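Structure file start_21.txt; described as compact mmCIF, C-alpha atoms.
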# COMPACT_ATOMS: atom_id res chain seq x y z
CA ALA Z 29 18.51 -22.15 -11.32
CA PRO Z 30 15.45 -21.03 -9.32
CA TYR Z 31 14.45 -17.49 -10.25
CA HIS Z 32 15.07 -15.99 -6.80
CA THR Z 33 18.52 -17.65 -6.71
CA GLU Z 34 19.46 -16.32 -10.13
CA LYS Z 35 18.29 -12.82 -9.17
CA CYS Z 36 19.88 -13.17 -5.69
CA LEU Z 37 16.62 -12.26 -3.93
CA ASP Z 38 16.07 -13.08 -0.26
CA PRO Z 39 14.31 -16.51 -0.10
CA GLU Z 40 12.28 -15.52 2.98
CA THR Z 41 10.91 -12.49 1.16
CA VAL Z 42 10.01 -14.58 -1.88
CA LEU Z 43 8.19 -17.17 0.26
CA LYS Z 44 6.30 -14.45 2.12
CA LEU Z 45 5.17 -12.81 -1.14
CA LEU Z 46 4.13 -16.17 -2.55
CA GLY Z 47 2.01 -16.63 0.57
CA THR Z 48 0.29 -13.26 0.18
CA GLY Z 49 -0.26 -13.75 -3.55
CA GLN Z 50 1.86 -10.74 -4.43
CA ILE Z 51 4.05 -12.95 -6.57
CA ARG Z 52 2.93 -16.06 -8.42
CA MET Z 53 5.06 -18.57 -10.25
CA TYR Z 54 3.70 -20.13 -13.40
CA GLN Z 55 5.71 -20.51 -16.60
CA ASN Z 56 6.61 -16.90 -15.87
CA LEU Z 57 6.88 -14.94 -12.65
CA VAL Z 58 3.89 -12.67 -12.07
CA MET Z 59 4.12 -9.80 -9.55
CA VAL Z 60 0.80 -8.32 -8.50
CA GLY Z 61 -0.48 -4.97 -7.26
CA TYR Z 62 -3.76 -4.96 -5.31
CA ASP Z 63 -6.40 -2.40 -4.40
CA GLU Z 64 -7.67 -1.81 -0.85
CA LYS Z 65 -10.13 -4.71 -1.21
CA ARG Z 66 -7.33 -7.11 -2.19
CA THR Z 67 -8.50 -7.27 -5.80
CA ALA Z 68 -5.63 -7.68 -8.26
CA ARG Z 69 -5.38 -4.54 -10.41
CA TYR Z 70 -1.87 -4.67 -11.82
CA ALA Z 71 0.50 -7.48 -12.79
CA SER Z 72 4.05 -7.45 -14.13
CA MET Z 73 5.31 -10.62 -15.82
CA ARG Z 74 8.92 -11.77 -16.14
CA SER Z 75 10.35 -14.93 -17.65
CA MET Z 76 11.98 -17.31 -15.18
CA ASN Z 77 14.42 -18.95 -17.59
CA SER Z 78 17.88 -17.59 -18.31
CA SER Z 79 17.90 -18.66 -21.97
CA GLY Z 80 16.07 -17.24 -24.95
CA LYS Z 81 14.45 -13.84 -25.28
CA PRO Z 82 13.37 -12.57 -21.83
CA VAL Z 83 9.72 -11.77 -21.18
CA LYS Z 84 9.23 -8.35 -19.55
CA VAL Z 85 5.65 -7.17 -19.95
CA ASP Z 86 2.66 -5.95 -18.01
CA VAL Z 87 -0.31 -8.32 -18.09
CA ALA Z 88 -3.12 -7.11 -20.38
CA GLY Z 89 -5.67 -5.00 -18.52
CA SER Z 90 -3.21 -3.90 -15.84
CA ASN Z 91 -3.84 -0.54 -14.16
CA LYS Z 92 -0.49 1.11 -13.45
CA SER Z 93 -1.98 3.28 -10.73
CA TYR Z 94 -2.03 0.25 -8.39
CA PRO Z 95 1.59 -0.40 -7.34
CA PHE Z 96 3.31 -3.59 -6.35
CA THR Z 97 3.99 -2.90 -2.66
CA LEU Z 98 6.41 -4.15 -0.03
CA GLU Z 99 5.09 -3.03 3.35
CA GLY Z 100 7.55 -1.60 5.85
CA SER Z 101 7.03 -0.91 9.52
CA SER Z 102 3.78 0.72 10.59
CA GLY Z 103 5.63 3.73 11.96
CA SER Z 104 7.58 4.52 8.80
CA ASP Z 105 6.75 7.78 7.02
CA THR Z 106 9.05 7.09 4.04
CA VAL Z 107 8.28 5.39 0.75
CA CYS Z 108 11.04 4.17 -1.59
CA VAL Z 109 10.09 4.14 -5.28
CA PHE Z 110 11.40 1.79 -7.98
CA GLU Z 111 10.72 1.06 -11.63
CA SER Z 112 9.82 -2.62 -11.28
CA PRO Z 113 8.92 -5.15 -8.57
CA ILE Z 114 12.30 -6.87 -9.11
CA GLU Z 115 14.10 -3.62 -8.24
CA ALA Z 116 11.95 -3.14 -5.13
CA MET Z 117 12.64 -6.71 -3.95
CA SER Z 118 16.35 -6.33 -4.74
CA TYR Z 119 16.59 -3.10 -2.75
CA GLN Z 120 14.76 -4.66 0.20
CA THR Z 121 17.13 -7.65 0.07
CA LEU Z 122 20.14 -5.30 0.06
CA CYS Z 123 18.71 -3.43 3.05
CA LYS Z 124 18.34 -6.73 4.90
CA ILE Z 125 21.82 -8.09 4.26
CA THR Z 126 23.58 -4.74 4.87
CA ASP Z 127 21.68 -3.90 8.08
CA SER Z 128 20.24 -0.72 6.59
CA ASN Z 129 17.54 1.07 8.53
CA ARG Z 130 15.70 1.55 5.26
CA ILE Z 131 14.41 -1.99 5.67
CA SER Z 132 11.59 -0.34 7.65
CA CYS Z 133 10.51 1.88 4.74
CA GLN Z 134 7.51 1.26 2.52
CA MET Z 135 8.56 0.25 -1.01
CA ILE Z 136 6.58 0.41 -4.24
CA SER Z 137 7.20 -0.09 -7.95
CA LEU Z 138 5.79 2.16 -10.64
CA GLY Z 139 5.73 -0.15 -13.65
CA GLY Z 140 8.14 2.14 -15.50
CA ALA Z 141 10.19 5.26 -14.84
CA ALA Z 142 7.59 7.61 -16.29
CA ALA Z 143 4.52 5.98 -14.72
CA ILE Z 144 4.17 7.97 -11.51
CA GLN Z 145 0.40 7.49 -11.23
CA ALA Z 146 1.12 4.60 -8.85
CA LEU Z 147 2.94 7.02 -6.55
CA ASP Z 148 0.01 9.45 -6.82
CA ARG Z 149 -2.40 6.80 -5.59
CA TYR Z 150 -0.09 5.50 -2.88
CA LEU Z 151 0.39 8.97 -1.40
CA ARG Z 152 -3.35 9.67 -1.44
CA GLU Z 153 -4.06 6.41 0.36
CA HIS Z 154 -1.16 6.81 2.83
CA PRO Z 155 -1.35 10.38 4.17
CA LYS Z 156 1.24 9.68 6.88
CA ILE Z 157 4.03 9.59 4.25
CA ARG Z 158 6.38 12.56 4.57
CA SER Z 159 9.46 11.45 2.63
CA ILE Z 160 10.04 9.93 -0.81
CA VAL Z 161 13.23 8.18 -1.90
CA SER Z 162 13.52 7.76 -5.66
CA GLY Z 163 15.48 4.59 -6.46
CA LEU Z 164 14.85 4.64 -10.20
CA ASN Z 165 17.37 3.03 -12.54
CA ASN Z 166 20.70 4.45 -13.66
CA ASP Z 167 19.87 4.49 -17.37
CA SER Z 168 23.10 6.18 -18.44
CA ASN Z 169 25.15 5.82 -21.61
CA ALA Z 170 27.58 3.65 -19.67
CA PHE Z 171 24.91 0.95 -19.51
CA GLY Z 172 23.79 1.21 -23.14
CA HIS Z 173 20.93 3.67 -22.80
CA ASP Z 174 20.39 6.59 -25.17
CA ILE Z 175 17.80 8.17 -22.87
CA ASN Z 176 18.19 8.29 -19.10
CA ALA Z 177 14.60 7.43 -18.27
CA GLY Z 178 15.45 6.84 -14.61
CA ARG Z 179 16.96 10.29 -14.13
CA ASN Z 180 14.07 11.88 -16.03
CA GLY Z 181 11.61 10.03 -13.82
CA THR Z 182 13.40 11.16 -10.67
CA GLU Z 183 13.37 14.78 -11.86
CA LYS Z 184 9.64 14.46 -12.51
CA ILE Z 185 9.07 13.13 -8.98
CA ILE Z 186 11.16 15.96 -7.46
CA GLU Z 187 9.32 18.58 -9.51
CA LYS Z 188 5.86 17.28 -8.64
CA TYR Z 189 6.30 16.28 -5.01
CA GLY Z 190 9.25 18.39 -3.84
CA PRO Z 191 7.10 21.27 -2.57
CA THR Z 192 5.10 18.90 -0.30
CA TYR Z 193 7.42 16.01 0.57
CA ALA Z 194 11.09 15.57 1.45
CA VAL Z 195 12.33 14.00 -1.80
CA THR Z 196 15.78 12.43 -2.20
CA ALA Z 197 17.33 10.30 -4.92
CA HIS Z 198 19.22 7.05 -4.35
CA THR Z 199 20.52 6.01 -7.76
CA PRO Z 200 22.14 2.57 -8.17
CA PHE Z 201 25.81 2.68 -9.17
CA LEU Z 202 25.10 -0.03 -11.77
CA ASN Z 203 22.18 -0.08 -14.20
CA ASP Z 204 19.59 -1.11 -11.61
CA TRP Z 205 19.25 -2.40 -8.05
CA ASN Z 206 19.16 -6.05 -9.10
CA ASP Z 207 22.53 -5.59 -10.81
CA VAL Z 208 23.82 -4.00 -7.59
CA LEU Z 209 22.51 -6.94 -5.56
CA LYS Z 210 24.07 -9.55 -7.87
CA ASN Z 211 27.35 -7.63 -7.83
CA TYR Z 212 27.30 -7.52 -4.02
CA ARG Z 213 26.66 -11.26 -3.81
CA LYS Z 214 29.63 -11.86 -6.14
CA GLU Z 215 31.88 -9.83 -3.88
CA LEU Z 216 30.72 -11.75 -0.81
CA GLU Z 217 31.52 -15.00 -2.62
CA GLY Z 218 35.02 -13.79 -3.53
CA GLU Z 219 34.35 -13.16 -7.22
CA PRO Z 220 35.69 -9.96 -8.82
CA PRO Z 221 32.94 -7.34 -8.63
CA GLU Z 222 32.25 -4.87 -11.41
CA GLN Z 223 34.04 -1.54 -11.16
CA VAL Z 224 31.64 0.89 -9.57
CA ARG Z 225 31.51 4.50 -8.54
CA PRO Z 226 30.77 5.40 -4.91
CA VAL Z 227 27.19 6.21 -3.99
CA ARG Z 228 26.40 8.53 -1.12
CA SER Z 229 23.42 8.09 1.15
CA ARG Z 230 22.41 9.53 4.49
CA GLN Z 231 21.31 6.11 5.74
CA SER Z 232 23.94 3.38 5.47
CA GLY Z 233 24.27 0.21 7.50
CA PRO Z 234 27.71 -0.86 8.79
CA LYS Z 235 28.01 -3.78 6.37
CA ALA Z 236 27.14 -1.52 3.45
CA LYS Z 237 29.90 0.92 4.42
CA GLN Z 238 32.33 -1.94 4.82
CA MET Z 239 31.65 -3.15 1.29
CA GLY Z 240 31.62 0.34 -0.22
CA MET Z 241 27.86 0.22 -0.77
CA ALA Z 242 25.42 2.82 0.50
CA ILE Z 243 21.83 1.78 1.11
Please render this file's structure as C-alpha cells.
Amino acid sequence: APYHTEKCLDPETVLKLLGTGQIRMYQNLVMVGYDEKRTARYASMRSMNSSGKPVKVDVAGSNKSYPFTLEGSSGSDTVCVFESPIEAMSYQTLCKITDSNRISCQMISLGGAAAIQALDRYLREHPKIRSIVSGLNNDSNAFGHDINAGRNGTEKIIEKYGPTYAVTAHTPFLNDWNDVLKNYRKELEGEPPEQVRPVRSRQSGPKAKQMGMAI
C-alpha cells in the first residue's frame, strides 16, 4: 500500500509537503528540515515497505537543531512538539479530521525525545511563540519500553522552558500519535479499536469528543 495510506496520513498534506520538498519519496521516505535560506540541514529516513526490517535513521550529516516543520496559521503563538516527522504529520491529520483548533498551531519534530536543540532554534527564530505543547511519545511499559523517553523528554522541556513559556503535555493514549491515528481510522471504518485510556485536553474538537479522543 502507498506509505501515506498505510500510515493513514492526510493525502492533501502529503502532496503539499512533496511540493515544498519537505518530504521526498525514493526507495525510502525522506523528511527534511530546512534553514532560513531553504537549505536542507536535517533529514529523517523511513522505509516505505511493510515487510522486512524497517529503516528508521537520520541521514548522515544531519543537524538535529533544524526541525522538520509544519507551518500553522500566521497568528498562532503555539508550537506543538513531536519526536519524529511522522508523529507531527499524524497529529496534524488528527486535528484536521476531528475539527480541532490545534490545526492552526505550528508543529515541529525533534528527531528524538531527548534532542531539544531543534526546539531551542525554533524558539529563537520565532519570538512570537508563547505556548509549547509537548506531544512526545507514550513510551511506557505497556508498549514494551523499559525507559519512558517521551515522558523524560517532556519533563526536560517543562524544566527548561516552563519559566518563560506556557508548557503543557498532550501524551498519546497509545505508543505514539501515528498509532492513535491508525486506531481512529479503524474505529471510523467499523473495526474494533484498541482499548485505550481517556486523554484530557483543553482544546478538543466536537468529532474528537464524540469518538473519545482529545486533540
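Atom pair atom CA of Asp63 of chain Z / atom CA of Ile131 of chain Z: separated by 23.1 Å.
Residues in contact with segment 48-55 of chain Z at up to 8 Å, not including ones fewer than 5 positions away on its chain and judged by all atoms listed in the file, are Val42, Val60, Gly61, Ser75, Met76 and Phe96 of chain Z.
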With C-alpha atoms retained, could you export that selection as a short mmCIF file (atom, residue, chain, number, x, y, z; two decimals), keeping the file's coordinate frame?
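Saved file part-v1.cif follows:
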data_model
loop_
_atom_site.label_atom_id
_atom_site.label_comp_id
_atom_site.auth_asym_id
_atom_site.auth_seq_id
_atom_site.Cartn_x
_atom_site.Cartn_y
_atom_site.Cartn_z
CA VAL Z 42 10.01 -14.58 -1.88
CA VAL Z 60 0.80 -8.32 -8.50
CA GLY Z 61 -0.48 -4.97 -7.26
CA SER Z 75 10.35 -14.93 -17.65
CA MET Z 76 11.98 -17.31 -15.18
CA PHE Z 96 3.31 -3.59 -6.35
#
* Close residues, segment 202-210 of chain Z itself excluded, 6 Å, all atoms listed in the file, min 4 positions apart in chain, as a list in words -> Cys36, Glu115, Ser118, Tyr119, Asn165 and Asn166 of chain Z
* Structure fact -> A straight line from atom CA of Leu122 of chain Z to atom CA of Ile185 of chain Z spans 23.3 Å
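A straight line drawn from atom CA of Gly47 of chain Z to atom CA of Arg149 of chain Z is 24.6 Å long.
For the set Z:Met135, Z:Ile114, Z:Ala68, Z:Leu216, the residue with the smallest atom-to-atom gap to Lys84 of chain Z is Z:Ile114, counting only C-alpha atoms.
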Can you list, as an mmCIF file with C-alpha atoms, keeping the file's coordinate frame, every protein, DNA or RNA residue that comes within 12 Å of Val195 of chain Z when you count all atoms listed in the file, leaving out same-chain residues fewer than 6 positions away?
data_model
loop_
_atom_site.group_PDB
_atom_site.id
_atom_site.type_symbol
_atom_site.label_atom_id
_atom_site.label_comp_id
_atom_site.auth_asym_id
_atom_site.auth_seq_id
_atom_site.Cartn_x
_atom_site.Cartn_y
_atom_site.Cartn_z
ATOM 1 C CA THR Z 106 9.050 7.090 4.040
ATOM 2 C CA VAL Z 107 8.280 5.390 0.750
ATOM 3 C CA CYS Z 108 11.040 4.170 -1.590
ATOM 4 C CA VAL Z 109 10.090 4.140 -5.280
ATOM 5 C CA ILE Z 157 4.030 9.590 4.250
ATOM 6 C CA ARG Z 158 6.380 12.560 4.570
ATOM 7 C CA SER Z 159 9.460 11.450 2.630
ATOM 8 C CA ILE Z 160 10.040 9.930 -0.810
ATOM 9 C CA VAL Z 161 13.230 8.180 -1.900
ATOM 10 C CA SER Z 162 13.520 7.760 -5.660
ATOM 11 C CA GLY Z 163 15.480 4.590 -6.460
ATOM 12 C CA THR Z 182 13.400 11.160 -10.670
ATOM 13 C CA GLU Z 183 13.370 14.780 -11.860
ATOM 14 C CA LYS Z 184 9.640 14.460 -12.510
ATOM 15 C CA ILE Z 185 9.070 13.130 -8.980
ATOM 16 C CA ILE Z 186 11.160 15.960 -7.460
ATOM 17 C CA GLU Z 187 9.320 18.580 -9.510
ATOM 18 C CA LYS Z 188 5.860 17.280 -8.640
ATOM 19 C CA TYR Z 189 6.300 16.280 -5.010
#
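You can rank Z:Ser128, Z:Asn56, Z:Ser137, Z:Thr41 by their closest distance to Tyr70 of chain Z using only C-alpha atoms, and at the top of that list sits Z:Ser137.
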